[in-house]
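Containing PDB, C-alpha atoms: entry.pdb.
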```
ATOM      1  CA  MET A   1      36.464  -9.530 -23.066
ATOM      2  CA  ASN A   2      36.949  -8.671 -19.396
ATOM      3  CA  LYS A   3      34.322  -5.919 -19.629
ATOM      4  CA  LEU A   4      31.844  -8.293 -21.264
ATOM      5  CA  THR A   5      32.404 -10.873 -18.517
ATOM      6  CA  THR A   6      31.944  -8.197 -15.825
ATOM      7  CA  TYR A   7      28.677  -6.988 -17.405
ATOM      8  CA  PHE A   8      27.415 -10.555 -17.661
ATOM      9  CA  LEU A   9      28.192 -11.249 -13.994
ATOM     10  CA  LEU A  10      26.475  -8.023 -12.879
ATOM     11  CA  LEU A  11      23.367  -8.817 -14.921
ATOM     12  CA  SER A  12      23.334 -12.383 -13.581
ATOM     13  CA  CYS A  13      23.524 -11.139  -9.981
ATOM     14  CA  LEU A  14      20.712  -8.642 -10.619
ATOM     15  CA  TYR A  15      18.566 -11.348 -12.227
ATOM     16  CA  ILE A  16      19.127 -13.725  -9.304
ATOM     17  CA  SER A  17      18.342 -11.053  -6.701
ATOM     18  CA  VAL A  18      15.150  -9.963  -8.504
ATOM     19  CA  SER A  19      14.066 -13.573  -9.129
ATOM     20  CA  SER A  20      14.517 -14.517  -5.490
ATOM     21  CA  ALA A  21      12.765 -11.395  -4.216
ATOM     22  CA  GLN A  22       9.102 -11.510  -3.268
ATOM     23  CA  VAL A  23       7.772  -9.677  -6.293
ATOM     24  CA  ALA A  24       4.217  -8.464  -5.675
ATOM     25  CA  PRO A  25       1.747  -7.001  -8.190
ATOM     26  CA  GLY A  26      -0.738  -4.421  -6.989
ATOM     27  CA  ILE A  27      -3.384  -1.857  -7.833
ATOM     28  CA  LYS A  28      -3.058   1.879  -7.253
ATOM     29  CA  LEU A  29      -5.628   4.671  -7.199
ATOM     30  CA  GLY A  30      -5.946   8.164  -5.868
ATOM     31  CA  TYR A  31      -6.692  11.863  -6.221
ATOM     32  CA  ASN A  32      -4.957  14.383  -8.524
ATOM     33  CA  GLU A  33      -4.783  18.147  -7.977
ATOM     34  CA  SER A  34      -3.261  19.312 -11.282
ATOM     35  CA  SER A  35      -2.243  22.666 -12.723
ATOM     36  CA  ILE A  36      -0.480  24.092 -15.785
ATOM     37  CA  SER A  37       2.109  26.763 -15.016
ATOM     38  CA  LYS A  38       2.115  30.313 -16.437
ATOM     39  CA  THR A  39      -1.509  30.214 -17.560
ATOM     40  CA  ARG A  40      -4.688  31.768 -16.185
ATOM     41  CA  LEU A  41      -6.052  28.337 -15.316
ATOM     42  CA  ASP A  42      -6.897  27.347 -11.772
ATOM     43  CA  SER A  43      -6.059  23.878 -10.452
ATOM     44  CA  LYS A  44      -8.223  20.950 -11.535
ATOM     45  CA  ALA A  45      -9.382  17.926  -9.535
ATOM     46  CA  GLY A  46      -8.907  14.513 -11.146
ATOM     47  CA  PHE A  47      -7.852  10.980 -10.366
ATOM     48  CA  TYR A  48      -5.355   8.267 -11.241
ATOM     49  CA  ILE A  49      -5.709   4.492 -11.371
ATOM     50  CA  GLY A  50      -3.512   1.639 -12.533
ATOM     51  CA  ALA A  51      -1.194  -1.236 -11.716
ATOM     52  CA  VAL A  52       2.198  -1.585 -10.030
ATOM     53  CA  ILE A  53       4.817  -4.277  -9.510
ATOM     54  CA  ASP A  54       6.744  -4.180  -6.242
ATOM     55  CA  ILE A  55      10.301  -5.548  -6.636
ATOM     56  CA  PRO A  56      12.262  -5.613  -3.339
ATOM     57  CA  ILE A  57      15.976  -5.236  -4.002
ATOM     58  CA  SER A  58      17.110  -4.956  -0.368
ATOM     59  CA  THR A  59      15.567  -4.472   3.086
ATOM     60  CA  ARG A  60      15.594  -0.694   2.581
ATOM     61  CA  TYR A  61      15.105  -0.296  -1.174
ATOM     62  CA  THR A  62      12.317  -1.357  -3.547
ATOM     63  CA  LEU A  63      11.892  -0.684  -7.259
ATOM     64  CA  GLN A  64       8.245  -0.138  -8.227
ATOM     65  CA  PRO A  65       7.346   0.109 -11.937
ATOM     66  CA  GLU A  66       3.881   1.621 -12.456
ATOM     67  CA  ILE A  67       1.455   2.077 -15.338
ATOM     68  CA  LEU A  68      -1.380   4.500 -14.608
ATOM     69  CA  TYR A  69      -4.219   6.419 -16.205
ATOM     70  CA  SER A  70      -4.023  10.026 -14.987
ATOM     71  CA  SER A  71      -6.694  12.719 -15.461
ATOM     72  CA  GLN A  72      -5.068  16.177 -15.498
ATOM     73  CA  GLY A  73      -5.449  19.728 -16.816
ATOM     74  CA  GLY A  74      -6.737  23.026 -15.435
ATOM     75  CA  THR A  75      -9.988  24.785 -14.560
ATOM     76  CA  SER A  76     -11.028  27.898 -16.500
ATOM     77  CA  ASN A  77     -12.202  31.054 -14.773
ATOM     78  CA  SER A  78     -13.001  32.871 -18.038
ATOM     79  CA  PRO A  79     -16.038  32.818 -20.371
ATOM     80  CA  ASP A  80     -13.661  32.956 -23.374
ATOM     81  CA  TYR A  81     -12.388  29.389 -23.014
ATOM     82  CA  GLY A  82     -13.283  26.202 -21.181
ATOM     83  CA  ASP A  83     -11.507  23.855 -18.824
ATOM     84  CA  VAL A  84      -8.421  22.060 -20.094
ATOM     85  CA  GLU A  85      -8.746  18.276 -19.883
ATOM     86  CA  ILE A  86      -5.765  16.029 -20.633
ATOM     87  CA  ASP A  87      -5.762  12.270 -20.075
ATOM     88  CA  TYR A  88      -2.332  10.666 -19.789
ATOM     89  CA  LEU A  89      -1.000   7.122 -19.759
ATOM     90  CA  SER A  90       1.767   7.361 -17.137
ATOM     91  CA  ILE A  91       4.653   4.888 -17.233
ATOM     92  CA  MET A  92       6.613   5.420 -14.034
ATOM     93  CA  ALA A  93       9.623   3.976 -12.212
ATOM     94  CA  ALA A  94       9.416   4.673  -8.473
ATOM     95  CA  ASN A  95      12.432   4.148  -6.219
ATOM     96  CA  LYS A  96      11.243   3.549  -2.652
ATOM     97  CA  PHE A  97      13.716   4.097   0.194
ATOM     98  CA  TYR A  98      12.579   2.777   3.584
ATOM     99  CA  VAL A  99      13.609   4.450   6.828
ATOM    100  CA  GLY A 100      13.795   1.120   8.681
ATOM    101  CA  PRO A 101      14.444  -2.505   7.668
ATOM    102  CA  ASN A 102      10.837  -3.515   8.473
ATOM    103  CA  LYS A 103       9.304  -1.357   5.719
ATOM    104  CA  GLY A 104       6.768   1.158   7.046
ATOM    105  CA  PHE A 105       7.683   4.799   6.444
ATOM    106  CA  HIS A 106       9.463   5.510   3.138
ATOM    107  CA  PHE A 107      10.480   8.185   0.656
ATOM    108  CA  ASN A 108      10.026   7.751  -3.082
ATOM    109  CA  LEU A 109      11.747   9.355  -6.048
ATOM    110  CA  GLY A 110      11.391   8.577  -9.724
ATOM    111  CA  ILE A 111      11.012   9.482 -13.352
ATOM    112  CA  GLY A 112       8.302   8.702 -15.858
ATOM    113  CA  LEU A 113       6.810   9.228 -19.283
ATOM    114  CA  ASP A 114       3.283  10.637 -19.639
ATOM    115  CA  ILE A 115       1.707   9.822 -23.027
ATOM    116  CA  ASN A 116      -1.185  12.046 -24.090
ATOM    117  CA  LEU A 117      -4.172   9.756 -24.695
ATOM    118  CA  LYS A 118      -6.894  12.368 -25.127
ATOM    119  CA  ASN A 119      -7.407  16.121 -24.734
ATOM    120  CA  ASN A 120      -9.979  18.773 -25.567
ATOM    121  CA  PHE A 121      -7.716  21.410 -27.130
ATOM    122  CA  VAL A 122      -9.597  21.401 -30.495
ATOM    123  CA  ASN A 123     -12.777  22.576 -28.780
ATOM    124  CA  LEU A 124     -11.106  24.754 -26.176
ATOM    125  CA  PHE A 125     -11.698  28.035 -28.010
ATOM    126  CA  ASN A 126     -14.819  26.963 -29.930
ATOM    127  CA  GLY A 127     -12.647  25.661 -32.753
ATOM    128  CA  ASP A 128     -10.489  28.825 -32.984
ATOM    129  CA  GLY A 129      -7.402  27.473 -31.224
ATOM    130  CA  ASP A 130      -4.330  27.266 -33.478
ATOM    131  CA  GLY A 131      -1.897  25.559 -31.113
ATOM    132  CA  GLU A 132      -1.114  21.908 -30.534
ATOM    133  CA  ILE A 133      -0.655  20.017 -27.313
ATOM    134  CA  SER A 134       2.529  18.051 -26.703
ATOM    135  CA  PRO A 135       1.997  14.300 -27.303
ATOM    136  CA  PHE A 136       4.094  13.368 -24.253
ATOM    137  CA  ASP A 137       5.646  14.703 -21.077
ATOM    138  CA  VAL A 138       8.761  13.576 -19.231
ATOM    139  CA  VAL A 139       8.082  13.827 -15.501
ATOM    140  CA  VAL A 140      10.012  13.621 -12.259
ATOM    141  CA  PHE A 141       8.356  12.991  -8.913
ATOM    142  CA  GLY A 142       8.980  12.615  -5.230
ATOM    143  CA  GLY A 143       6.973  11.956  -2.117
ATOM    144  CA  LEU A 144       6.528   9.930   1.026
ATOM    145  CA  GLY A 145       4.341   7.123   2.241
ATOM    146  CA  TYR A 146       3.662   4.443   4.785
ATOM    147  CA  GLU A 147       3.378   0.710   4.044
ATOM    148  CA  PHE A 148       1.344  -1.563   6.313
ATOM    149  CA  ASP A 149       2.132  -5.260   6.874
ATOM    150  CA  PHE A 150      -1.108  -6.432   5.225
ATOM    151  CA  GLY A 151      -0.257  -4.923   1.813
ATOM    152  CA  LEU A 152      -1.802  -1.435   1.933
ATOM    153  CA  THR A 153       0.370   1.614   1.238
ATOM    154  CA  LEU A 154      -0.756   5.224   1.702
ATOM    155  CA  GLU A 155       1.253   7.745  -0.270
ATOM    156  CA  ALA A 156       1.516  11.412  -1.243
ATOM    157  CA  ARG A 157       3.744  12.688  -4.029
ATOM    158  CA  TYR A 158       4.302  15.645  -6.313
ATOM    159  CA  LYS A 159       4.804  15.064 -10.045
ATOM    160  CA  GLN A 160       6.470  17.778 -12.141
ATOM    161  CA  GLY A 161       6.388  17.854 -15.937
ATOM    162  CA  THR A 162       9.431  18.999 -17.911
ATOM    163  CA  VAL A 163       7.940  19.332 -21.437
ATOM    164  CA  SER A 164       5.769  22.363 -22.196
ATOM    165  CA  VAL A 165       2.100  21.607 -22.834
ATOM    166  CA  ASP A 166       2.155  24.777 -24.993
ATOM    167  CA  PHE A 167      -0.975  24.383 -27.079
ATOM    168  CA  PHE A 168      -2.957  27.441 -26.103
ATOM    169  CA  GLY A 169      -4.316  29.481 -28.999
ATOM    170  CA  ALA A 170      -5.419  32.695 -27.280
ATOM    171  CA  ASP A 171      -3.097  35.474 -26.129
ATOM    172  CA  ASP A 172      -5.084  36.226 -22.986
ATOM    173  CA  PHE A 173      -4.745  32.608 -21.898
ATOM    174  CA  TYR A 174      -1.120  33.128 -20.842
ATOM    175  CA  GLU A 175      -0.254  34.657 -17.504
ATOM    176  CA  GLU A 176       3.387  35.174 -18.497
ATOM    177  CA  ASP A 177       5.884  34.000 -21.110
ATOM    178  CA  GLY A 178       7.645  30.683 -20.710
ATOM    179  CA  SER A 179       6.981  26.961 -20.679
ATOM    180  CA  ASN A 180       3.550  25.761 -19.598
ATOM    181  CA  LEU A 181       4.391  22.783 -17.417
ATOM    182  CA  ASN A 182       2.176  20.196 -15.761
ATOM    183  CA  GLY A 183       2.314  20.034 -11.987
ATOM    184  CA  VAL A 184       0.332  17.407 -10.089
ATOM    185  CA  PHE A 185      -0.104  16.785  -6.367
ATOM    186  CA  GLN A 186      -1.221  13.189  -5.817
ATOM    187  CA  VAL A 187      -2.511  11.377  -2.761
ATOM    188  CA  GLY A 188      -3.730   7.808  -2.825
ATOM    189  CA  ALA A 189      -3.368   4.173  -1.919
ATOM    190  CA  THR A 190      -1.746   1.022  -3.291
ATOM    191  CA  TYR A 191      -2.686  -2.526  -2.410
ATOM    192  CA  LYS A 192      -0.165  -5.307  -3.111
ATOM    193  CA  PHE A 193      -1.119  -8.958  -3.588
ATOM    194  CA  LYS A 194       1.218 -11.594  -2.170
ATOM    195  CA  LEU A 195       2.058 -14.344  -4.652
ATOM    196  CA  LYS A 196       3.395 -16.756  -2.038
TER     197      LYS A 196
END
```
Can you turn what I pasted into structure tokens?
Amino acid sequence: MNKLTTYFLLLSCLYISVSSAQVAPGIKLGYNESSISKTRLDSKAGFYIGAVIDIPISTRYTLQPEILYSSQGGTSNSPDYGDVEIDYLSIMAANKFYVGPNKGFHFNLGIGLDINLKNNFVNLFNGDGDGEISPFDVVVFGGLGYEFDFGLTLEARYKQGTVSVDFFGADDFYEEDGSNLNGVFQVGATYKFKLK
């Protein structure tokens, strides 16, 4: 019973702190430079766009849930196969740690789930591919940014996949054995709307 009471009190305190915080929704968009490890693909340019919710927990820490559309993949340099195009729905939880109490410069770390919305693997080898792409990817990310007083944040981060894409159906597609992981460098902007 004591444990249940303790859990209830902790949840109540968290609810009160989040409710009293100045929660701010926002929009986020930017540039992707994506690659798939251990393949003969070059990096591919893409973009991301979506929505965020900024939840200040303290003067130096903010939790920022995000839901984004992210265009990823790799660019082919061979006539035997085309570019790899993978569109993900990214559900992310960013932890923002501010250097000073007045916001501004910050570091961010987080984890997320990338859900495969669409890809071109069926047509990649003119219908001859026999592999399958993973339907999801669990990602970790980190980066840095700067938040201005008027709601604009500029940010750069690197997102690393942990689940092998592993759908390639041609032996010469691989550069070496091992997991074929997504890696994405992202740079972009977020604009937060004040509710009060």
Open item on the list: I'd like to know which of A:Leu181, A:Ile115, A:Ile27, A:Val163 is closest to A:Ser71, using all atoms listed in the file.
Closed with: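 The closest residue to A:Ser71 is A:Ile115.
Using only C-alpha atoms for every distance, the candidate list A:Val23, A:Leu109, A:Leu68, A:Ala45 yields A:Ala45 as the residue closest to A:Asp83.
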TODO: Could you check which of A:Asn102, A:Gln186, A:Asn108, A:Thr62 is closest to A:Phe148, using all atoms listed in the file?
DONE: A:Asn102
Open item on the list: Please list as a ChimeraX atom specification every residue within 12 Å of A:Pro135, counting all atoms listed in the file and excluding residues in the same chain fewer than 5 positions away.
Closed with: /A:86-89,113-119,163-167
Which residues, named as in the file, does the PyMOL selection byres ((chain A and resi 32-34) around 7) pick out? Answer as a compact mmCIF listing (two decimals) with C-alpha atoms, in the coordinates of the input.
```txt
# COMPACT_ATOMS: atom_id res chain seq x y z
CA GLY A 30 -5.95 8.16 -5.87
CA TYR A 31 -6.69 11.86 -6.22
CA SER A 35 -2.24 22.67 -12.72
CA SER A 43 -6.06 23.88 -10.45
CA LYS A 44 -8.22 20.95 -11.54
CA ALA A 45 -9.38 17.93 -9.54
CA GLY A 46 -8.91 14.51 -11.15
CA PHE A 47 -7.85 10.98 -10.37
CA TYR A 48 -5.36 8.27 -11.24
CA GLN A 72 -5.07 16.18 -15.50
CA GLY A 73 -5.45 19.73 -16.82
CA GLY A 74 -6.74 23.03 -15.44
CA GLY A 183 2.31 20.03 -11.99
CA VAL A 184 0.33 17.41 -10.09
CA PHE A 185 -0.10 16.78 -6.37
CA GLN A 186 -1.22 13.19 -5.82
CA VAL A 187 -2.51 11.38 -2.76
```
Return as AutoDock Vina command-line options the centre and edge lengths, in Å with one decimal, of the box along x, y and z that encloses every atom of stretch 64-72 of chain A in the file, padded by 6 Å per side.
```
--center_x 0.8 --center_y 8.0 --center_z -12.2 --size_x 26.9 --size_y 28.3 --size_z 20.0
```
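Proximity of A:Val52, A:Asn120, A:His106, A:Gly112 to A:Val84, computed with all atoms listed in the file, is greatest for A:Asn120.
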Task: Atomic separation - atom CA of A:Met92 relative to atom CA of A:Leu63, Å - done: 10.5 Å
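When only C-alpha atoms are used to measure the gap to A:Ile91, the shortest distance among A:Leu154, A:Ile57, A:Val138, A:Phe105 belongs to A:Val138.
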Task: Atom pair atom CA of A:Asn180 / atom CA of A:Pro79: separation (Å) - done: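 Atom CA of A:Pro79 lies 20.8 Å from atom CA of A:Asn180.
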Would you kindly place N, CA, C and O atoms on stretch 78-98 of chain A and return the model as a PDB file, keeping the file's coordinate frame?
```pdb
ATOM      1  N   SER A  78     -12.676  31.871 -17.022  1.00  0.00           N
ATOM      2  CA  SER A  78     -13.001  32.871 -18.038  1.00  0.00           C
ATOM      3  C   SER A  78     -14.113  32.352 -18.942  1.00  0.00           C
ATOM      4  O   SER A  78     -14.161  31.164 -19.265  1.00  0.00           O
ATOM      5  N   PRO A  79     -15.008  33.243 -19.415  1.00  0.00           N
ATOM      6  CA  PRO A  79     -16.038  32.818 -20.371  1.00  0.00           C
ATOM      7  C   PRO A  79     -15.501  32.626 -21.789  1.00  0.00           C
ATOM      8  O   PRO A  79     -16.192  32.102 -22.653  1.00  0.00           O
ATOM      9  N   ASP A  80     -14.243  33.026 -22.023  1.00  0.00           N
ATOM     10  CA  ASP A  80     -13.661  32.956 -23.374  1.00  0.00           C
ATOM     11  C   ASP A  80     -13.141  31.571 -23.730  1.00  0.00           C
ATOM     12  O   ASP A  80     -12.930  31.273 -24.894  1.00  0.00           O
ATOM     13  N   TYR A  81     -12.893  30.739 -22.752  1.00  0.00           N
ATOM     14  CA  TYR A  81     -12.388  29.389 -23.014  1.00  0.00           C
ATOM     15  C   TYR A  81     -12.821  28.474 -21.884  1.00  0.00           C
ATOM     16  O   TYR A  81     -13.146  28.922 -20.788  1.00  0.00           O
ATOM     17  N   GLY A  82     -12.825  27.179 -22.162  1.00  0.00           N
ATOM     18  CA  GLY A  82     -13.283  26.202 -21.181  1.00  0.00           C
ATOM     19  C   GLY A  82     -12.151  25.584 -20.391  1.00  0.00           C
ATOM     20  O   GLY A  82     -10.987  25.979 -20.510  1.00  0.00           O
ATOM     21  N   ASP A  83     -12.505  24.604 -19.594  1.00  0.00           N
ATOM     22  CA  ASP A  83     -11.507  23.855 -18.824  1.00  0.00           C
ATOM     23  C   ASP A  83     -10.604  23.072 -19.767  1.00  0.00           C
ATOM     24  O   ASP A  83     -11.018  22.650 -20.845  1.00  0.00           O
ATOM     25  N   VAL A  84      -9.364  22.892 -19.353  1.00  0.00           N
ATOM     26  CA  VAL A  84      -8.421  22.060 -20.094  1.00  0.00           C
ATOM     27  C   VAL A  84      -8.455  20.659 -19.489  1.00  0.00           C
ATOM     28  O   VAL A  84      -8.283  20.496 -18.279  1.00  0.00           O
ATOM     29  N   GLU A  85      -8.699  19.665 -20.330  1.00  0.00           N
ATOM     30  CA  GLU A  85      -8.746  18.276 -19.883  1.00  0.00           C
ATOM     31  C   GLU A  85      -7.745  17.460 -20.687  1.00  0.00           C
ATOM     32  O   GLU A  85      -7.826  17.412 -21.912  1.00  0.00           O
ATOM     33  N   ILE A  86      -6.797  16.853 -19.991  1.00  0.00           N
ATOM     34  CA  ILE A  86      -5.765  16.029 -20.633  1.00  0.00           C
ATOM     35  C   ILE A  86      -5.706  14.696 -19.908  1.00  0.00           C
ATOM     36  O   ILE A  86      -5.519  14.656 -18.687  1.00  0.00           O
ATOM     37  N   ASP A  87      -5.862  13.617 -20.637  1.00  0.00           N
ATOM     38  CA  ASP A  87      -5.762  12.270 -20.075  1.00  0.00           C
ATOM     39  C   ASP A  87      -4.436  11.658 -20.496  1.00  0.00           C
ATOM     40  O   ASP A  87      -4.133  11.590 -21.697  1.00  0.00           O
ATOM     41  N   TYR A  88      -3.655  11.224 -19.525  1.00  0.00           N
ATOM     42  CA  TYR A  88      -2.332  10.666 -19.789  1.00  0.00           C
ATOM     43  C   TYR A  88      -2.266   9.185 -19.417  1.00  0.00           C
ATOM     44  O   TYR A  88      -2.899   8.749 -18.451  1.00  0.00           O
ATOM     45  N   LEU A  89      -1.467   8.442 -20.172  1.00  0.00           N
ATOM     46  CA  LEU A  89      -1.000   7.122 -19.759  1.00  0.00           C
ATOM     47  C   LEU A  89       0.382   7.342 -19.160  1.00  0.00           C
ATOM     48  O   LEU A  89       1.306   7.761 -19.852  1.00  0.00           O
ATOM     49  N   SER A  90       0.521   7.098 -17.861  1.00  0.00           N
ATOM     50  CA  SER A  90       1.767   7.361 -17.137  1.00  0.00           C
ATOM     51  C   SER A  90       2.535   6.062 -16.933  1.00  0.00           C
ATOM     52  O   SER A  90       2.020   5.125 -16.319  1.00  0.00           O
ATOM     53  N   ILE A  91       3.756   6.028 -17.437  1.00  0.00           N
ATOM     54  CA  ILE A  91       4.653   4.888 -17.233  1.00  0.00           C
ATOM     55  C   ILE A  91       5.764   5.372 -16.305  1.00  0.00           C
ATOM     56  O   ILE A  91       6.575   6.210 -16.695  1.00  0.00           O
ATOM     57  N   MET A  92       5.754   4.878 -15.075  1.00  0.00           N
ATOM     58  CA  MET A  92       6.613   5.420 -14.034  1.00  0.00           C
ATOM     59  C   MET A  92       7.570   4.362 -13.473  1.00  0.00           C
ATOM     60  O   MET A  92       7.256   3.168 -13.499  1.00  0.00           O
ATOM     61  N   ALA A  93       8.684   4.836 -12.939  1.00  0.00           N
ATOM     62  CA  ALA A  93       9.623   3.976 -12.212  1.00  0.00           C
ATOM     63  C   ALA A  93       9.893   4.640 -10.877  1.00  0.00           C
ATOM     64  O   ALA A  93      10.632   5.622 -10.797  1.00  0.00           O
ATOM     65  N   ALA A  94       9.267   4.112  -9.819  1.00  0.00           N
ATOM     66  CA  ALA A  94       9.416   4.673  -8.473  1.00  0.00           C
ATOM     67  C   ALA A  94      10.504   3.936  -7.712  1.00  0.00           C
ATOM     68  O   ALA A  94      10.528   2.704  -7.679  1.00  0.00           O
ATOM     69  N   ASN A  95      11.400   4.694  -7.098  1.00  0.00           N
ATOM     70  CA  ASN A  95      12.432   4.148  -6.219  1.00  0.00           C
ATOM     71  C   ASN A  95      12.016   4.445  -4.785  1.00  0.00           C
ATOM     72  O   ASN A  95      11.939   5.607  -4.386  1.00  0.00           O
ATOM     73  N   LYS A  96      11.733   3.389  -4.020  1.00  0.00           N
ATOM     74  CA  LYS A  96      11.243   3.549  -2.652  1.00  0.00           C
ATOM     75  C   LYS A  96      12.377   3.253  -1.664  1.00  0.00           C
ATOM     76  O   LYS A  96      12.958   2.173  -1.682  1.00  0.00           O
ATOM     77  N   PHE A  97      12.652   4.223  -0.800  1.00  0.00           N
ATOM     78  CA  PHE A  97      13.716   4.097   0.194  1.00  0.00           C
ATOM     79  C   PHE A  97      13.076   4.078   1.581  1.00  0.00           C
ATOM     80  O   PHE A  97      12.482   5.074   2.003  1.00  0.00           O
ATOM     81  N   TYR A  98      13.206   2.951   2.280  1.00  0.00           N
ATOM     82  CA  TYR A  98      12.579   2.777   3.584  1.00  0.00           C
ATOM     83  C   TYR A  98      13.480   3.298   4.698  1.00  0.00           C
ATOM     84  O   TYR A  98      14.704   3.114   4.669  1.00  0.00           O
TER      85      TYR A  98
END
```
